[in-house]
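For reference, upload04.cif (mmCIF, C-alpha atoms):
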```
data_coords
#
loop_
_atom_site.label_atom_id
_atom_site.label_comp_id
_atom_site.auth_asym_id
_atom_site.auth_seq_id
_atom_site.Cartn_x
_atom_site.Cartn_y
_atom_site.Cartn_z
CA MET A 280 4.50 11.34 28.68
CA LEU A 281 3.67 7.74 27.79
CA PRO A 282 1.33 8.61 24.90
CA THR A 283 3.95 10.71 23.11
CA PHE A 284 6.64 8.15 23.92
CA VAL A 285 4.52 5.49 22.28
CA ILE A 286 3.90 7.56 19.16
CA GLY A 287 7.57 8.52 18.84
CA LEU A 288 8.61 4.91 19.18
CA ARG A 289 6.17 3.70 16.55
CA GLU A 290 6.97 6.45 14.06
CA GLY A 291 10.71 6.13 14.40
CA LEU A 292 10.99 2.37 14.41
CA GLU A 293 10.49 1.44 10.77
CA ALA A 294 13.05 3.95 9.50
CA SER A 295 15.53 3.07 12.25
CA LEU A 296 15.38 -0.62 11.43
CA ILE A 297 15.87 -0.04 7.73
CA VAL A 298 18.73 2.41 8.22
CA GLY A 299 20.35 0.14 10.83
CA ILE A 300 20.24 -2.85 8.50
CA ILE A 301 21.50 -0.87 5.51
CA ALA A 302 24.43 0.41 7.58
CA ALA A 303 25.29 -3.08 8.80
CA PHE A 304 24.86 -4.44 5.29
CA LEU A 305 27.26 -1.88 3.84
CA VAL A 306 29.82 -2.67 6.52
CA GLN A 307 29.40 -6.42 5.95
CA ARG A 308 29.97 -5.86 2.27
CA GLY A 309 33.15 -4.00 3.08
CA GLU A 310 31.77 -0.73 1.75
CA ARG A 311 32.41 1.41 4.76
CA ASN A 312 32.98 4.42 2.56
CA ALA A 313 29.31 4.32 1.59
CA LEU A 314 28.38 5.02 5.20
CA ARG A 315 29.18 8.69 4.99
CA PRO A 316 26.86 9.45 2.07
CA MET A 317 24.25 7.29 3.79
CA TRP A 318 24.37 9.35 6.98
CA ALA A 319 24.39 12.53 4.90
CA GLY A 320 21.22 11.28 3.20
CA VAL A 321 19.61 10.49 6.53
CA ALA A 322 20.55 13.91 7.92
CA LEU A 323 19.24 15.60 4.79
CA ALA A 324 15.96 13.71 5.08
CA ILE A 325 15.57 14.69 8.73
CA GLY A 326 16.38 18.31 7.88
CA LEU A 327 13.88 18.37 5.01
CA CYS A 328 11.20 16.86 7.20
CA PHE A 329 11.61 19.45 9.90
CA ALA A 330 11.77 22.28 7.37
CA ALA A 331 8.57 21.00 5.77
CA ALA A 332 6.93 20.51 9.18
CA ILE A 333 7.74 24.07 10.18
CA ALA A 334 6.38 25.33 6.87
CA VAL A 335 3.23 23.30 7.37
CA GLN A 336 2.82 24.60 10.88
CA GLU A 337 3.36 28.20 9.83
CA TYR A 338 1.20 28.13 6.77
CA GLY A 339 -1.20 25.25 7.28
CA ARG A 340 -1.48 22.05 5.32
CA ARG A 341 -1.42 22.84 1.65
CA LEU A 342 -0.84 19.41 0.25
CA SER A 343 -4.32 17.96 0.10
CA PHE A 344 -5.16 14.94 2.18
CA GLN A 345 -5.37 12.74 -0.92
CA GLN A 346 -2.02 13.97 -2.23
CA ARG A 347 -0.37 13.39 1.11
CA GLU A 348 -1.69 9.87 1.38
CA THR A 349 -0.83 9.06 -2.24
CA LEU A 350 2.71 10.34 -1.72
CA GLU A 351 3.06 8.25 1.43
CA GLY A 352 1.78 5.21 -0.40
CA VAL A 353 4.14 5.70 -3.33
CA LEU A 354 7.10 6.17 -0.99
CA ALA A 355 6.11 2.96 0.78
CA LEU A 356 6.04 1.06 -2.51
CA ILE A 357 9.49 2.41 -3.41
CA ALA A 358 10.75 1.24 -0.03
CA VAL A 359 9.22 -2.20 -0.58
CA ALA A 360 10.99 -2.46 -3.94
CA GLY A 361 14.29 -1.40 -2.35
CA VAL A 362 13.98 -3.76 0.59
CA THR A 363 13.00 -6.63 -1.71
CA TYR A 364 16.04 -6.00 -3.86
CA MET A 365 18.22 -6.08 -0.77
CA VAL A 366 16.67 -9.30 0.52
CA VAL A 367 17.04 -11.03 -2.84
CA TRP A 368 20.63 -9.85 -3.13
CA MET A 369 21.42 -11.17 0.35
CA ARG A 370 19.77 -14.49 -0.37
CA ARG A 371 21.55 -14.96 -3.70
CA HIS A 372 24.93 -14.15 -2.31
CA SER A 373 24.69 -15.65 1.11
CA ARG A 374 26.41 -18.91 0.17
CA GLU A 375 29.16 -17.96 -2.22
CA LEU A 376 29.86 -14.76 -0.43
CA LYS A 377 31.36 -15.53 2.89
CA GLY A 378 35.06 -15.25 2.34
CA GLN A 379 34.78 -13.42 -0.91
CA LEU A 380 32.83 -10.54 0.53
CA GLU A 381 34.96 -10.08 3.55
CA ALA A 382 38.04 -9.98 1.34
CA HIS A 383 36.44 -7.53 -1.04
CA ALA A 384 37.63 -4.50 0.85
CA GLU A 385 37.34 -0.79 0.27
CA THR A 386 36.22 0.08 -3.21
CA ALA A 387 37.28 3.44 -4.51
CA LEU A 388 33.99 4.31 -6.18
CA LEU A 389 30.58 3.59 -4.88
CA SER A 390 28.74 1.16 -7.07
CA GLY A 391 25.25 1.75 -8.32
CA SER A 392 23.76 -0.56 -5.75
CA ASP A 393 25.48 1.35 -2.96
CA TRP A 394 23.86 4.52 -4.16
CA ALA A 395 20.55 2.72 -4.28
CA LEU A 396 21.02 1.75 -0.64
CA VAL A 397 22.00 5.28 0.30
CA GLY A 398 18.86 6.51 -1.46
CA MET A 399 16.80 3.94 0.34
CA ALA A 400 18.01 5.12 3.75
CA PHE A 401 17.05 8.64 2.71
CA PHE A 402 13.56 7.62 1.64
CA ALA A 403 13.01 5.37 4.63
CA VAL A 404 13.52 8.40 6.82
CA ILE A 405 11.59 10.89 4.72
CA ARG A 406 8.54 8.66 4.48
CA GLU A 407 7.51 8.72 8.11
CA GLY A 408 9.64 11.75 8.87
CA LEU A 409 7.22 14.51 7.97
CA GLU A 410 4.44 13.20 10.17
CA THR A 411 6.93 12.56 12.94
CA ALA A 412 8.39 16.05 12.68
CA ILE A 413 4.92 17.62 12.80
CA PHE A 414 4.12 15.48 15.81
CA MET A 415 7.40 16.39 17.56
CA LEU A 416 6.83 20.10 17.01
CA ALA A 417 3.27 19.78 18.32
CA ALA A 418 4.48 17.92 21.39
CA PHE A 419 6.56 20.95 22.30
CA GLU A 420 4.60 23.89 21.02
CA ASN A 421 0.97 22.89 21.25
CA SER A 422 1.07 21.12 24.51
CA THR A 423 -0.31 22.00 27.90
CA SER A 424 2.79 20.46 29.47
CA PRO A 425 5.57 20.74 26.88
CA ALA A 426 8.24 19.32 29.16
CA ALA A 427 6.49 16.02 29.73
CA THR A 428 5.02 15.51 26.26
CA GLY A 429 8.17 16.75 24.51
CA LEU A 430 10.40 14.53 26.61
CA GLY A 431 8.14 11.57 25.93
CA ALA A 432 8.32 12.19 22.19
CA ILE A 433 12.11 12.50 22.22
CA LEU A 434 12.56 9.39 24.35
CA GLY A 435 10.26 7.47 22.02
CA VAL A 436 12.20 8.39 18.90
CA ALA A 437 15.48 7.85 20.77
CA THR A 438 14.38 4.35 21.78
CA ALA A 439 13.52 3.57 18.16
CA VAL A 440 16.94 4.83 17.05
CA GLY A 441 18.52 2.80 19.85
CA LEU A 442 16.86 -0.36 18.56
CA GLY A 443 18.11 0.39 15.04
CA TRP A 444 21.59 0.99 16.46
CA GLY A 445 21.43 -2.29 18.35
CA LEU A 446 20.50 -4.11 15.17
CA TYR A 447 23.44 -2.45 13.42
CA LYS A 448 25.87 -3.36 16.20
CA GLY A 449 24.61 -6.90 16.39
CA GLY A 450 24.55 -7.10 12.63
CA ILE A 451 28.19 -6.28 12.13
CA ARG A 452 29.25 -8.74 14.79
CA ILE A 453 27.52 -11.93 13.71
CA ASN A 454 28.76 -13.98 10.81
CA LEU A 455 27.59 -13.26 7.36
CA SER A 456 25.17 -16.06 6.66
CA ARG A 457 23.43 -15.53 9.98
CA PHE A 458 23.37 -11.82 9.30
CA PHE A 459 21.63 -12.42 6.00
CA ARG A 460 19.08 -14.76 7.50
CA VAL A 461 18.27 -12.67 10.55
CA THR A 462 18.21 -9.26 8.92
CA GLY A 463 16.66 -10.70 5.78
CA PHE A 464 13.76 -11.96 7.85
CA VAL A 465 13.41 -8.67 9.72
CA LEU A 466 13.43 -6.86 6.39
CA VAL A 467 10.73 -9.15 5.00
CA LEU A 468 8.48 -8.28 7.94
CA VAL A 469 9.24 -4.58 7.60
CA ALA A 470 8.55 -4.69 3.86
CA ALA A 471 5.30 -6.60 4.37
CA GLY A 472 4.28 -3.89 6.82
CA LEU A 473 5.24 -1.20 4.32
CA LEU A 474 3.15 -2.88 1.66
CA SER A 475 0.19 -3.08 3.95
CA SER A 476 0.57 0.55 4.99
CA ALA A 477 0.79 1.47 1.30
CA MET A 478 -2.61 -0.21 0.90
CA HIS A 479 -3.82 1.81 3.89
CA SER A 480 -2.57 5.07 2.37
CA PHE A 481 -4.03 4.32 -1.05
CA ALA A 482 -7.37 3.45 0.52
CA GLU A 483 -7.39 6.74 2.41
CA ALA A 484 -6.41 8.59 -0.74
CA GLY A 485 -9.38 6.99 -2.46
CA VAL A 486 -7.18 5.14 -4.96
CA VAL A 487 -8.05 1.67 -3.68
CA HIS A 488 -11.71 0.96 -3.03
CA THR A 489 -11.96 -2.78 -2.79
CA ALA A 490 -11.66 -5.07 0.20
CA GLN A 491 -11.99 -2.32 2.76
CA HIS A 492 -13.86 -4.14 5.48
CA VAL A 493 -12.04 -5.14 8.60
CA ALA A 494 -10.49 -8.57 8.12
CA ALA A 495 -9.38 -9.24 11.65
CA ASP A 496 -9.68 -7.53 14.98
CA LEU A 497 -6.24 -7.57 16.56
CA SER A 498 -7.00 -4.73 18.95
CA TRP A 499 -6.87 -7.14 21.88
CA LEU A 500 -3.18 -7.60 21.03
CA ILE A 501 -2.35 -4.26 19.48
CA ARG A 502 -4.07 -1.96 21.96
CA PRO A 503 -3.55 1.54 20.60
CA GLY A 504 -1.50 3.66 22.96
CA THR A 505 0.56 0.88 24.47
CA VAL A 506 4.29 0.25 24.03
CA LEU A 507 3.63 -3.26 22.70
CA ALA A 508 1.30 -1.85 20.07
CA SER A 509 3.98 0.64 18.94
CA LEU A 510 6.54 -2.10 18.63
CA ILE A 511 4.22 -4.31 16.61
CA THR A 512 2.92 -1.53 14.40
CA GLY A 513 6.31 0.11 14.02
CA MET A 514 8.13 -3.10 13.22
CA LEU A 515 5.58 -5.22 11.43
CA GLY A 516 3.30 -2.51 10.10
CA LEU A 517 0.33 -4.35 11.55
CA GLN A 518 -2.71 -2.23 12.25
CA PRO A 519 -5.00 -3.08 15.16
CA GLN A 520 -7.77 -3.70 12.66
CA PRO A 521 -6.34 -4.44 9.24
CA THR A 522 -8.70 -4.29 6.31
CA LEU A 523 -8.90 -7.23 3.97
CA ALA A 524 -6.71 -5.34 1.47
CA GLU A 525 -4.08 -4.59 4.12
CA ALA A 526 -4.07 -8.09 5.56
CA SER A 527 -3.86 -9.84 2.20
CA ALA A 528 -1.04 -7.55 1.03
CA TRP A 529 0.83 -8.36 4.24
CA LEU A 530 0.36 -12.11 3.93
CA ALA A 531 0.97 -12.20 0.18
CA TYR A 532 4.37 -10.63 0.75
CA ALA A 533 5.43 -12.04 4.10
CA ILE A 534 4.71 -15.73 3.44
CA PRO A 535 6.55 -16.32 0.15
CA MET A 536 9.36 -13.90 0.97
CA GLY A 537 9.73 -15.27 4.49
CA LEU A 538 10.06 -18.80 3.10
CA TYR A 539 12.46 -17.56 0.47
CA VAL A 540 14.73 -16.06 3.12
CA LEU A 541 14.55 -18.96 5.53
CA TRP A 542 14.94 -21.64 2.85
CA PRO A 543 18.76 -21.52 2.51
CA GLN A 544 18.98 -22.75 6.07
CA ASN A 545 17.76 -26.16 4.93
CA ARG A 546 19.18 -26.09 1.47
CA SER A 547 22.65 -24.90 2.30
CA ARG A 548 23.71 -28.51 2.71
CA LYS A 549 22.67 -29.48 -0.77
CA PRO A 550 25.48 -27.85 -2.71
CA LEU A 551 27.89 -29.65 -0.46
CA GLN A 552 26.19 -32.97 -1.03
CA ARG A 553 26.28 -32.46 -4.74
CA GLN A 554 30.02 -32.12 -4.65
CA PRO A 555 31.80 -35.34 -5.56
CA VAL A 556 32.00 -37.47 -2.48
CA PRO A 557 35.61 -38.32 -1.70
CA ALA A 558 36.31 -41.97 -2.35
CA THR A 559 37.95 -42.28 0.98
CA THR A 560 34.78 -41.84 2.98
CA PRO A 561 35.22 -43.76 6.17
CA MET B 277 20.91 -2.30 -12.59
CA PRO B 278 18.95 -1.17 -9.56
CA ARG B 279 20.26 2.31 -9.70
CA SER B 280 18.46 3.90 -12.56
CA PRO B 281 14.95 2.60 -11.97
CA ILE B 282 15.14 3.57 -8.35
CA HIS B 283 16.44 6.99 -9.21
CA ARG B 284 13.83 7.47 -11.84
CA THR B 285 11.05 6.80 -9.37
CA LEU B 286 12.61 8.52 -6.41
CA MET B 287 13.33 11.81 -8.05
CA PRO B 288 9.75 12.68 -9.02
CA ALA B 289 8.68 11.76 -5.49
CA LEU B 290 11.31 14.03 -4.02
CA ALA B 291 10.33 16.76 -6.44
CA ALA B 292 6.72 16.36 -5.42
CA LEU B 293 7.69 16.71 -1.79
CA ALA B 294 9.79 19.77 -2.48
CA LEU B 295 7.02 21.31 -4.57
CA GLY B 296 4.52 20.54 -1.86
CA THR B 297 6.65 22.41 0.62
CA ALA B 298 7.25 25.29 -1.73
CA ALA B 299 3.55 25.43 -2.50
CA CYS B 300 2.88 25.86 1.20
CA SER B 301 4.60 29.17 1.37
CA SER B 302 3.48 30.64 -1.93
CA ASP B 303 -0.16 29.59 -1.58
CA THR B 304 -0.52 31.06 1.81
CA ALA B 305 1.30 34.23 0.97
CA SER B 306 -1.35 34.99 -1.63
CA SER B 307 -4.36 33.94 0.39
CA ALA B 308 -3.37 35.16 3.82
CA GLY B 309 -4.19 38.82 3.42
CA ASP B 310 -6.67 38.47 0.57
CA ASP B 311 -10.39 38.19 0.89
CA GLY B 312 -10.32 34.80 -0.83
CA PRO B 313 -12.69 32.08 0.27
CA ALA B 314 -14.13 32.53 3.72
CA SER B 315 -11.93 31.07 6.40
CA THR B 316 -13.58 29.88 9.59
CA THR B 317 -12.21 28.41 12.75
CA VAL B 318 -14.12 25.72 14.55
CA THR B 319 -13.09 24.72 18.03
CA ALA B 320 -13.03 20.98 18.54
CA GLY B 321 -12.72 19.59 22.04
CA ILE B 322 -11.91 15.95 22.62
CA THR B 323 -12.14 14.10 25.89
CA ASP B 324 -12.08 10.35 26.35
CA THR B 325 -15.87 10.23 26.10
CA SER B 326 -16.88 13.19 23.96
CA LEU B 327 -16.16 15.14 20.82
CA THR B 328 -17.69 18.60 20.66
CA LEU B 329 -17.57 21.29 18.01
CA ALA B 330 -18.29 24.99 18.36
CA PRO B 331 -19.95 26.12 16.19
CA SER B 332 -21.50 22.95 14.80
CA SER B 333 -22.30 24.43 11.42
CA THR B 334 -20.69 26.94 9.12
CA GLU B 335 -20.47 28.22 5.57
CA PRO B 336 -18.52 26.44 2.82
CA GLY B 337 -14.86 27.26 2.43
CA GLU B 338 -11.59 26.76 4.23
CA ILE B 339 -12.36 25.55 7.68
CA THR B 340 -9.75 25.17 10.37
CA PHE B 341 -10.55 22.79 13.16
CA ALA B 342 -8.60 23.79 16.25
CA VAL B 343 -8.51 20.49 18.06
CA SER B 344 -7.49 20.05 21.64
CA ASN B 345 -7.33 16.73 23.41
CA THR B 346 -8.00 17.11 27.11
CA GLY B 347 -8.52 13.39 27.65
CA THR B 348 -6.02 10.85 28.89
CA GLN B 349 -5.71 8.78 25.71
CA ILE B 350 -4.39 9.30 22.20
CA HIS B 351 -7.19 10.33 19.87
CA GLU B 352 -7.69 11.18 16.21
CA ILE B 353 -10.09 13.25 14.16
CA GLU B 354 -11.58 11.97 10.92
CA ILE B 355 -13.91 14.06 8.81
CA PHE B 356 -16.35 12.16 6.62
CA LYS B 357 -18.82 13.59 4.17
CA GLY B 358 -22.17 11.85 3.85
CA ASP B 359 -25.73 11.78 5.03
CA VAL B 360 -25.68 9.60 8.08
CA ALA B 361 -26.67 10.20 11.67
CA HIS B 362 -23.44 10.50 13.60
CA ASP B 363 -24.87 8.66 16.57
CA ALA B 364 -26.42 5.79 14.60
CA MET B 365 -23.54 4.43 12.58
CA PRO B 366 -23.23 0.65 12.48
CA VAL B 367 -20.39 -0.59 14.66
CA GLU B 368 -18.39 -3.59 13.51
CA ASN B 369 -15.30 -4.93 15.23
CA ASN B 370 -15.36 -2.04 17.66
CA VAL B 371 -15.17 0.64 14.97
CA ALA B 372 -17.85 2.62 13.19
CA ASN B 373 -18.44 1.35 9.68
CA THR B 374 -17.73 4.29 7.40
CA GLU B 375 -18.35 2.53 4.12
CA GLY B 376 -20.06 4.79 1.60
CA LEU B 377 -18.80 7.92 3.31
CA GLU B 378 -16.09 10.08 1.77
CA LEU B 379 -13.03 10.62 3.97
CA ILE B 380 -12.16 14.28 3.59
CA ASP B 381 -9.24 14.66 5.94
CA GLU B 382 -7.89 13.44 9.23
CA ILE B 383 -5.31 13.99 11.93
CA GLU B 384 -4.01 10.94 13.68
CA ASP B 385 -2.11 10.68 16.93
CA ILE B 386 -3.31 13.65 18.91
CA ALA B 387 -1.61 13.04 22.24
CA PRO B 388 -3.36 13.92 25.50
CA GLY B 389 -2.80 17.53 26.49
CA THR B 390 -1.88 18.63 22.98
CA ARG B 391 -3.52 20.72 20.30
CA ALA B 392 -3.53 20.29 16.55
CA ASP B 393 -4.98 22.26 13.67
CA LEU B 394 -6.67 20.64 10.71
CA THR B 395 -7.55 22.83 7.77
CA ALA B 396 -9.84 21.42 5.13
CA HIS B 397 -11.89 22.81 2.30
CA LEU B 398 -15.49 21.79 2.93
CA ASP B 399 -18.32 22.15 0.43
CA ALA B 400 -21.95 22.39 1.43
CA GLY B 401 -23.22 19.14 2.85
CA ASN B 402 -23.48 16.99 5.92
CA TYR B 403 -20.43 15.68 7.68
CA VAL B 404 -19.70 13.33 10.51
CA ILE B 405 -16.58 13.73 12.59
CA VAL B 406 -15.37 10.76 14.58
CA CYS B 407 -12.43 9.32 16.40
CA ASN B 408 -12.47 5.81 15.02
CA LEU B 409 -9.78 4.18 17.10
CA PRO B 410 -11.11 0.85 18.34
CA GLY B 411 -13.81 1.42 20.92
CA HIS B 412 -13.66 5.20 20.77
CA TYR B 413 -16.74 5.63 18.61
CA ALA B 414 -18.77 3.67 21.13
CA SER B 415 -17.36 5.81 23.94
CA GLY B 416 -19.04 8.81 22.36
CA LEU B 417 -16.34 10.37 20.19
CA HIS B 418 -18.58 11.37 17.32
CA THR B 419 -20.47 14.43 16.21
CA GLY B 420 -22.21 15.89 13.22
CA PHE B 421 -21.23 19.00 11.28
CA THR B 422 -23.21 20.92 8.71
CA VAL B 423 -21.90 23.16 5.97
CA SER B 424 -24.51 25.24 4.14
#
```

Go ahead and render the structure in this file as structure tokens.
Amino acid sequence: MLPTFVIGLREGLEASLIVGIIAAFLVQRGERNALRPMWAGVALAIGLCFAAAIAVQEYGRRLSFQQRETLEGVLALIAVAGVTYMVVWMRRHSRELKGQLEAHAETALLSGSDWALVGMAFFAVIREGLETAIFMLAAFENSTSPAATGLGAILGVATAVGLGWGLYKGGIRINLSRFFRVTGFVLVLVAAGLLSSAMHSFAEAGVVHTAQHVAADLSWLIRPGTVLASLITGMLGLQPQPTLAEASAWLAYAIPMGLYVLWPQNRSRKPLQRQPVPATTP
Amino acid sequence: MPRSPIHRTLMPALAALALGTAACSSDTASSAGDDGPASTTVTAGITDTSLTLAPSSTEPGEITFAVSNTGTQIHEIEIFKGDVAHDAMPVENNVANTEGLELIDEIEDIAPGTRADLTAHLDAGNYVIVCNLPGHYASGLHTGFTVS
């Protein structure tokens, strides 16, 4: 049961975190009416994944290995672009926004950026979804003990969804600037992981050839098959043995973007200081 | 601003996915009953210390590896094409160095007690099949495969 739990947790985590943050973000922005299309998109993605998984199981894999990996890599890059947009948006608006955003209540029509977020939730799910759906079906159908393996798989995915839900719940409770900092930082790590897994996919597809030797051996920390490893891989996209290409992509994104997100913490005082100092300072 | 570029990139991806799925059914429908390229099934057994194939050689064409993991750990199957002795690959950082070999296909995350099928089109040549999770190559999860 543990092995399938661990796989389910890892596969479900990235999408759950992204969807959880998007949902909280929409609520924080006062765009609750964008939640319904978002959930519809998520449900559609899950449905498509299972339909495709059943087709694959019935008829065998017809998308070649290279095509599959290329598609996964491209979807990861799209997700990185979407997440980056969201992080930058949060960072830009975090100061001015506070009251303004909360007052900016229900909008009648969804704006373009809402639709982009809805689309992002859809693609976050569809990216890992196909592999997860194939794995879930296998856990039940191709298993010597379907009850134990199937239950493990379901519990794993459910735990991942639970973590995403927790992030959502926590996210709509805390104040806006903290929300932006915390979720912004989580998103930076998720996006860095996505970028590094895009490098992984492109390398497997044969698109990227350079820097393919192992850069670091983290398998002492990320021991495949353990819960800790699933959390780290699922959340941060870190492989036990990242190649140079994967590791540099991760660092090249995580360091500048991480600083970018955390910076306002220190700088938020500056705009206040620049304001004319009242003459009556004690 | 963000809407159109995202849509423009997303839609082709979605279309590709949909086409891929559609292609599944149509492709197979035509090749299932036909006498197209030879289709062979190779049984692949994985334990925590071994990887065995039966038969260990076959003719070129569509080859389905029926993999079953009877070990206690999660394993994977990676098929590489190249002329290298499967039991003499250099090991670096706990994994077999596969540089210079062509990765043909793989299945990751085969849980203990489960089966998985991997169908790949293999041309004539020498192949090595490994589970390259850290430490697993050294435990003996490697074998050779010949297509001629």

Spatial neighbours of Ala358 of chain A, max dist 12 Å, only C-alpha atoms, sep filter under 4 positions, as a PyMOL selection string: (chain A and resi 293-294+297-298+351-354+362-365+395-407+466-467+469-474+476-477) or (chain B and resi 282+285-286)

Long-range neighbours of Gly435 of chain A as a ChimeraX atom specification, 10 Å cut-off, only C-alpha atoms, 6 positions minimum in chain: /A:280-292,429,441,506,509

Save out the residues we just selected, C-alpha atoms, as a CSV table (one decimal), in the frame of the given file.
```
chain,number,residue,atom,x,y,z
A,280,MET,CA,4.5,11.3,28.7
A,281,LEU,CA,3.7,7.7,27.8
A,282,PRO,CA,1.3,8.6,24.9
A,283,THR,CA,4.0,10.7,23.1
A,284,PHE,CA,6.6,8.2,23.9
A,285,VAL,CA,4.5,5.5,22.3
A,286,ILE,CA,3.9,7.6,19.2
A,287,GLY,CA,7.6,8.5,18.8
A,288,LEU,CA,8.6,4.9,19.2
A,289,ARG,CA,6.2,3.7,16.6
A,290,GLU,CA,7.0,6.4,14.1
A,291,GLY,CA,10.7,6.1,14.4
A,292,LEU,CA,11.0,2.4,14.4
A,429,GLY,CA,8.2,16.8,24.5
A,441,GLY,CA,18.5,2.8,19.8
A,506,VAL,CA,4.3,0.2,24.0
A,509,SER,CA,4.0,0.6,18.9
```

Interatomic distance (Å, one decimal) between atom CA of Gln349 of chain B and atom CA of Thr505 of chain A: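 Here the two named atoms are 10.2 Å from each other.
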
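You will find atom CA of Pro410 of chain B at 24.4 Å from atom CA of Thr349 of chain A.
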
Output check: residues returned by the PyMOL selection byres ((chain B and resi 362) around 6), as a list of chain:residue names: B:Ala361, B:Asp363, B:Ala364, B:Val404, B:Thr419, B:Gly420

Residue IDs satisfying the PyMOL selection byres ((chain B and resi 382) around 8), as a PyMOL selection string: (chain A and resi 344) or (chain B and resi 352-355+379-381+383-384+394)

Take the residues that were just selected and, keeping C-alpha atoms, output them as a short mmCIF file (atom, residue, chain, number, x, y, z; two decimals), keeping the file's coordinate frame.
```cif
data_model
loop_
_atom_site.label_atom_id
_atom_site.label_comp_id
_atom_site.auth_asym_id
_atom_site.auth_seq_id
_atom_site.Cartn_x
_atom_site.Cartn_y
_atom_site.Cartn_z
CA PHE A 344 -5.16 14.94 2.18
CA GLU B 352 -7.69 11.18 16.21
CA ILE B 353 -10.09 13.25 14.16
CA GLU B 354 -11.58 11.97 10.92
CA ILE B 355 -13.91 14.06 8.81
CA LEU B 379 -13.03 10.62 3.97
CA ILE B 380 -12.16 14.28 3.59
CA ASP B 381 -9.24 14.66 5.94
CA ILE B 383 -5.31 13.99 11.93
CA GLU B 384 -4.01 10.94 13.68
CA LEU B 394 -6.67 20.64 10.71
#
```

Select all residues from chain A having any atom no more than 7 Å from an atom of chain B (counting only C-alpha atoms, ignoring ligands), output as a PDB file with C-alpha atoms, in the frame of the given file.
```pdb
ATOM      1  CA  PRO A 282       1.330   8.610  24.900  1.00  0.00           C
ATOM      2  CA  THR A 283       3.950  10.710  23.110  1.00  0.00           C
ATOM      3  CA  ALA A 331       8.570  21.000   5.770  1.00  0.00           C
ATOM      4  CA  ALA A 334       6.380  25.330   6.870  1.00  0.00           C
ATOM      5  CA  VAL A 335       3.230  23.300   7.370  1.00  0.00           C
ATOM      6  CA  TYR A 338       1.200  28.130   6.770  1.00  0.00           C
ATOM      7  CA  GLY A 339      -1.200  25.250   7.280  1.00  0.00           C
ATOM      8  CA  ARG A 340      -1.480  22.050   5.320  1.00  0.00           C
ATOM      9  CA  ARG A 341      -1.420  22.840   1.650  1.00  0.00           C
ATOM     10  CA  LEU A 342      -0.840  19.410   0.250  1.00  0.00           C
ATOM     11  CA  PHE A 344      -5.160  14.940   2.180  1.00  0.00           C
ATOM     12  CA  GLY A 391      25.250   1.750  -8.320  1.00  0.00           C
ATOM     13  CA  SER A 392      23.760  -0.560  -5.750  1.00  0.00           C
ATOM     14  CA  TRP A 394      23.860   4.520  -4.160  1.00  0.00           C
ATOM     15  CA  ALA A 395      20.550   2.720  -4.280  1.00  0.00           C
ATOM     16  CA  ALA A 418       4.480  17.920  21.390  1.00  0.00           C
ATOM     17  CA  ASN A 421       0.970  22.890  21.250  1.00  0.00           C
ATOM     18  CA  SER A 422       1.070  21.120  24.510  1.00  0.00           C
ATOM     19  CA  THR A 423      -0.310  22.000  27.900  1.00  0.00           C
ATOM     20  CA  SER A 424       2.790  20.460  29.470  1.00  0.00           C
ATOM     21  CA  ASP A 496      -9.680  -7.530  14.980  1.00  0.00           C
ATOM     22  CA  SER A 498      -7.000  -4.730  18.950  1.00  0.00           C
ATOM     23  CA  GLY A 504      -1.500   3.660  22.960  1.00  0.00           C
TER      24      GLY A 504
END
```

Which residues, named as in the file, does the PyMOL selection byres ((chain A and resi 516-522) around 7) pick out? Answer as a compact mmCIF listing (two decimals) with C-alpha atoms, keeping the file's coordinate frame.
```txt
# COMPACT_ATOMS: atom_id res chain seq x y z
CA VAL A 469 9.24 -4.58 7.60
CA GLY A 472 4.28 -3.89 6.82
CA LEU A 473 5.24 -1.20 4.32
CA SER A 475 0.19 -3.08 3.95
CA SER A 476 0.57 0.55 4.99
CA ALA A 490 -11.66 -5.07 0.20
CA GLN A 491 -11.99 -2.32 2.76
CA HIS A 492 -13.86 -4.14 5.48
CA VAL A 493 -12.04 -5.14 8.60
CA ALA A 494 -10.49 -8.57 8.12
CA ALA A 495 -9.38 -9.24 11.65
CA ASP A 496 -9.68 -7.53 14.98
CA LEU A 497 -6.24 -7.57 16.56
CA SER A 498 -7.00 -4.73 18.95
CA ILE A 501 -2.35 -4.26 19.48
CA ARG A 502 -4.07 -1.96 21.96
CA ILE A 511 4.22 -4.31 16.61
CA THR A 512 2.92 -1.53 14.40
CA GLY A 513 6.31 0.11 14.02
CA MET A 514 8.13 -3.10 13.22
CA LEU A 515 5.58 -5.22 11.43
CA LEU A 523 -8.90 -7.23 3.97
CA ALA A 524 -6.71 -5.34 1.47
CA GLU A 525 -4.08 -4.59 4.12
CA ALA A 526 -4.07 -8.09 5.56
```

Separation of atom CA of Gly358 of chain B from atom CA of Asn402 of chain B, in Å and rounded to one decimal: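 That distance, rounded to one decimal, is 5.7 Å.
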
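The smallest atom-to-atom distance between Asp399 of chain B and any of B:Glu338, B:Ser415, B:Val343, B:Pro331, using only C-alpha atoms, is found for B:Glu338.
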
Surrounding residues of Ile325 of chain A excluding itself and chain neighbours under 3 positions, 10 Å, all atoms listed in the file, as a ChimeraX atom specification: /A:319-322,328-331,401,404-405,408-409,411-412

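Distances to Val359 of chain A were evaluated for A:Leu468, A:Ala508, A:Leu305, A:Ser480 using only C-alpha atoms, and the minimum falls at A:Leu468.
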
Draw an axis-aligned box tight on the listed atoms of segment 337-352 of chain B, then pad every side by 3 Å and write out centre and edge lengths in Å to one decimal as lines of an AutoDock Vina configuration file.
```
center_x = -9.6
center_y = 18.0
center_z = 15.7
size_x = 16.5
size_y = 24.5
size_z = 32.5
```
